[in-house]
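One structure is given here, and the rest of the page talks about it.
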Amino acid sequence: MIIGIGCDIIKIERITKYLNKNISLNFLTDNELKICNQFSLSRKAEWIAGRFAAKEAIYKACHNSIDCTIYDFEVLQNDDGSPYCKIENYIVHLSISHEKEYAIAYAIVESIY
């Protein structure tokens, strides 16, 4: 059963400003930081913006049913590059897209019970 649908959009420039000021992006997990640190600055900002939008979208989809914050989610990618997030007892359908100056994400969260 679907418990929620979430969407979030963020301007990539917002993340670039944080990176230029060396401000901590503490919403990223250690695994996400390892992936992120492999990218150039412009790709890194785009990637982080996508992850932030994804975590916000997941939160919006499930916060009424699950006690959580965006810090509780880890968004990684499959071998084909598609994003995924695991939440115990739930299935998360996730899509992230980037276009010029924006990153957007959609999430559908289903209960397995």
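Chains: A, B, ... in order of the structure tokens. Residues: from 1 per chain. Ligands: from 1, in order shown.
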If we count only C-alpha atoms, what is near Glu56 of chain A at a cut-off of 9 Å, once residues fewer than 4 positions away on the same chain are taken out, given as a ChimeraX atom specification? /A:6-9,51-52,60-61,69-70,105
I need the residues from that last selection saved to file as a short mmCIF file (atom, residue, chain, number, x, y, z; two decimals), in the first residue's frame (with N, CA and C atoms), if you can.
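This went into again_18.cif:
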```
data_model
loop_
_atom_site.label_atom_id
_atom_site.label_comp_id
_atom_site.auth_asym_id
_atom_site.auth_seq_id
_atom_site.Cartn_x
_atom_site.Cartn_y
_atom_site.Cartn_z
N GLY A 6 6.12 12.05 -2.60
CA GLY A 6 6.80 13.31 -2.32
C GLY A 6 7.57 13.82 -3.52
N CYS A 7 7.74 15.12 -3.57
CA CYS A 7 8.49 15.76 -4.65
C CYS A 7 9.27 16.93 -4.05
N ASP A 8 10.46 17.17 -4.56
CA ASP A 8 11.23 18.33 -4.12
C ASP A 8 12.09 18.81 -5.28
N ILE A 9 12.29 20.12 -5.34
CA ILE A 9 13.13 20.74 -6.35
C ILE A 9 14.07 21.72 -5.65
N ARG A 51 20.66 14.57 -4.43
CA ARG A 51 20.50 13.78 -3.21
C ARG A 51 19.66 14.53 -2.18
N PHE A 52 19.88 15.83 -2.06
CA PHE A 52 19.08 16.62 -1.12
C PHE A 52 17.61 16.59 -1.52
N LYS A 60 8.92 13.81 2.65
CA LYS A 60 7.54 14.27 2.40
C LYS A 60 6.60 13.10 2.16
N ALA A 61 7.12 12.04 1.56
CA ALA A 61 6.28 10.88 1.26
C ALA A 61 5.97 10.04 2.50
N THR A 69 13.77 11.87 9.85
CA THR A 69 14.23 13.15 9.33
C THR A 69 15.01 12.84 8.05
N ILE A 70 15.43 13.86 7.31
CA ILE A 70 16.20 13.59 6.09
C ILE A 70 17.56 12.98 6.41
N ALA A 105 13.42 15.68 -7.54
CA ALA A 105 13.27 14.27 -7.19
C ALA A 105 11.82 13.97 -6.83
#
```
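Take the candidates A:Thr29, A:Ser111, A:Asn89, A:Ser40 and check each one against Asp72 of chain A using only C-alpha atoms; the shortest distance goes to A:Thr29.
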I'd like the neighbourhood of Tyr59 of chain A as an NGL selection string, where a residue qualifies if any of its atoms comes within 12 Å (using only C-alpha atoms), though same-chain residues fewer than 4 positions away should be ignored. :A and (3-8 or 52-55 or 63-74 or 85 or 87 or 92 or 94 or 105-109)
So, with only C-alpha atoms as the atoms that count, which of A:Glu88, A:Asp79, A:Glu101, A:Glu110 lies closest to Trp47 of chain A? A:Glu101
For the atom pair atom CA of Val75 of chain A and atom CA of Ala103 of chain A, what is the interatomic distance in Å to one decimal place? 14.5 Å
As number ranges by chain, please: every residue in segment 13-113 of chain A that a backbone DSSP assignment puts in strand (DSSP E or B). A: 75-77, 83-85, 87, 90-99, 102-111
Please dump the current selection as a PDB file, in the first residue's frame; keep C-alpha atoms.
```
ATOM      1  CA  VAL A  75      20.440   7.528  -1.312  1.00  0.00           C
ATOM      2  CA  LEU A  76      22.859   5.389  -3.295  1.00  0.00           C
ATOM      3  CA  GLN A  77      22.812   4.090  -6.859  1.00  0.00           C
ATOM      4  CA  PRO A  83      19.046   5.878  -7.343  1.00  0.00           C
ATOM      5  CA  TYR A  84      17.671   3.830  -4.485  1.00  0.00           C
ATOM      6  CA  CYS A  85      16.925   4.197  -0.800  1.00  0.00           C
ATOM      7  CA  ILE A  87      13.889   1.866   4.591  1.00  0.00           C
ATOM      8  CA  TYR A  90       9.075  -0.081   3.127  1.00  0.00           C
ATOM      9  CA  ILE A  91       9.729   0.060  -0.602  1.00  0.00           C
ATOM     10  CA  VAL A  92      10.943   3.391  -1.961  1.00  0.00           C
ATOM     11  CA  HIS A  93      10.490   4.243  -5.639  1.00  0.00           C
ATOM     12  CA  LEU A  94      12.809   7.122  -6.436  1.00  0.00           C
ATOM     13  CA  SER A  95      13.621   9.298  -9.419  1.00  0.00           C
ATOM     14  CA  ILE A  96      16.162  12.134  -9.586  1.00  0.00           C
ATOM     15  CA  SER A  97      16.636  14.484 -12.520  1.00  0.00           C
ATOM     16  CA  HIS A  98      18.882  17.472 -13.252  1.00  0.00           C
ATOM     17  CA  GLU A  99      18.242  20.190 -15.818  1.00  0.00           C
ATOM     18  CA  TYR A 102      17.722  22.670 -11.013  1.00  0.00           C
ATOM     19  CA  ALA A 103      17.607  19.205  -9.497  1.00  0.00           C
ATOM     20  CA  ILE A 104      14.273  17.521  -8.820  1.00  0.00           C
ATOM     21  CA  ALA A 105      13.270  14.267  -7.187  1.00  0.00           C
ATOM     22  CA  TYR A 106      10.100  12.226  -6.820  1.00  0.00           C
ATOM     23  CA  ALA A 107       9.528   9.490  -4.263  1.00  0.00           C
ATOM     24  CA  ILE A 108       6.765   6.987  -3.693  1.00  0.00           C
ATOM     25  CA  VAL A 109       6.911   5.052  -0.443  1.00  0.00           C
ATOM     26  CA  GLU A 110       5.003   1.795   0.003  1.00  0.00           C
ATOM     27  CA  SER A 111       4.490  -0.285   3.113  1.00  0.00           C
TER      28      SER A 111
END
```
Apply DSSP to the backbone of this structure and, from chain A, keep only the residues in helix (DSSP H, G or I); write these as a PyMOL selection string. chain A and resi 12-20+30-36+41-62+70-72
Please produce a file of the residues just selected, as a PDB file, in the first residue's frame, where the atoms kept are C-alpha atoms.
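Result file follows (again_19.pdb):
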```pdb
ATOM      1  CA  ILE A  12      21.854  23.737  -7.831  1.00  0.00           C
ATOM      2  CA  GLU A  13      23.435  27.158  -7.212  1.00  0.00           C
ATOM      3  CA  ARG A  14      22.286  26.907  -3.595  1.00  0.00           C
ATOM      4  CA  ILE A  15      24.533  23.870  -3.092  1.00  0.00           C
ATOM      5  CA  THR A  16      27.402  25.484  -5.023  1.00  0.00           C
ATOM      6  CA  LYS A  17      27.382  28.383  -2.529  1.00  0.00           C
ATOM      7  CA  TYR A  18      27.717  25.935   0.370  1.00  0.00           C
ATOM      8  CA  LEU A  19      30.585  24.122  -1.352  1.00  0.00           C
ATOM      9  CA  ASN A  20      32.411  27.386  -2.093  1.00  0.00           C
ATOM     10  CA  ASP A  30      29.717   8.604   4.824  1.00  0.00           C
ATOM     11  CA  ASN A  31      28.909   6.361   1.822  1.00  0.00           C
ATOM     12  CA  GLU A  32      27.349   9.292  -0.035  1.00  0.00           C
ATOM     13  CA  LEU A  33      30.370  11.499   0.724  1.00  0.00           C
ATOM     14  CA  LYS A  34      32.735   8.841  -0.681  1.00  0.00           C
ATOM     15  CA  ILE A  35      30.826   8.878  -3.967  1.00  0.00           C
ATOM     16  CA  CYS A  36      30.470  12.651  -4.024  1.00  0.00           C
ATOM     17  CA  LEU A  41      33.009  20.840  -8.262  1.00  0.00           C
ATOM     18  CA  SER A  42      30.215  21.463 -10.786  1.00  0.00           C
ATOM     19  CA  ARG A  43      29.216  17.788 -10.966  1.00  0.00           C
ATOM     20  CA  LYS A  44      29.493  17.514  -7.181  1.00  0.00           C
ATOM     21  CA  ALA A  45      27.004  20.391  -6.694  1.00  0.00           C
ATOM     22  CA  GLU A  46      24.567  18.815  -9.156  1.00  0.00           C
ATOM     23  CA  TRP A  47      24.905  15.395  -7.497  1.00  0.00           C
ATOM     24  CA  ILE A  48      24.454  16.761  -3.964  1.00  0.00           C
ATOM     25  CA  ALA A  49      21.443  18.821  -5.043  1.00  0.00           C
ATOM     26  CA  GLY A  50      19.866  15.661  -6.453  1.00  0.00           C
ATOM     27  CA  ARG A  51      20.498  13.778  -3.209  1.00  0.00           C
ATOM     28  CA  PHE A  52      19.079  16.616  -1.117  1.00  0.00           C
ATOM     29  CA  ALA A  53      15.952  16.768  -3.293  1.00  0.00           C
ATOM     30  CA  ALA A  54      15.611  12.979  -3.052  1.00  0.00           C
ATOM     31  CA  LYS A  55      15.855  12.965   0.737  1.00  0.00           C
ATOM     32  CA  GLU A  56      13.307  15.788   0.984  1.00  0.00           C
ATOM     33  CA  ALA A  57      10.960  13.944  -1.387  1.00  0.00           C
ATOM     34  CA  ILE A  58      11.275  10.724   0.623  1.00  0.00           C
ATOM     35  CA  TYR A  59      10.647  12.618   3.851  1.00  0.00           C
ATOM     36  CA  LYS A  60       7.545  14.275   2.396  1.00  0.00           C
ATOM     37  CA  ALA A  61       6.284  10.878   1.263  1.00  0.00           C
ATOM     38  CA  CYS A  62       6.649   9.107   4.583  1.00  0.00           C
ATOM     39  CA  ILE A  70      16.200  13.588   6.091  1.00  0.00           C
ATOM     40  CA  TYR A  71      19.306  12.541   8.051  1.00  0.00           C
ATOM     41  CA  ASP A  72      17.852   9.027   8.374  1.00  0.00           C
TER      42      ASP A  72
END
```
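In this structure, atom CA of Lys21 of chain A sits 19.0 Å away from atom CA of Gln38 of chain A.
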Here atom CA of Lys11 of chain A and atom CA of Leu25 of chain A stand apart by 15.5 Å
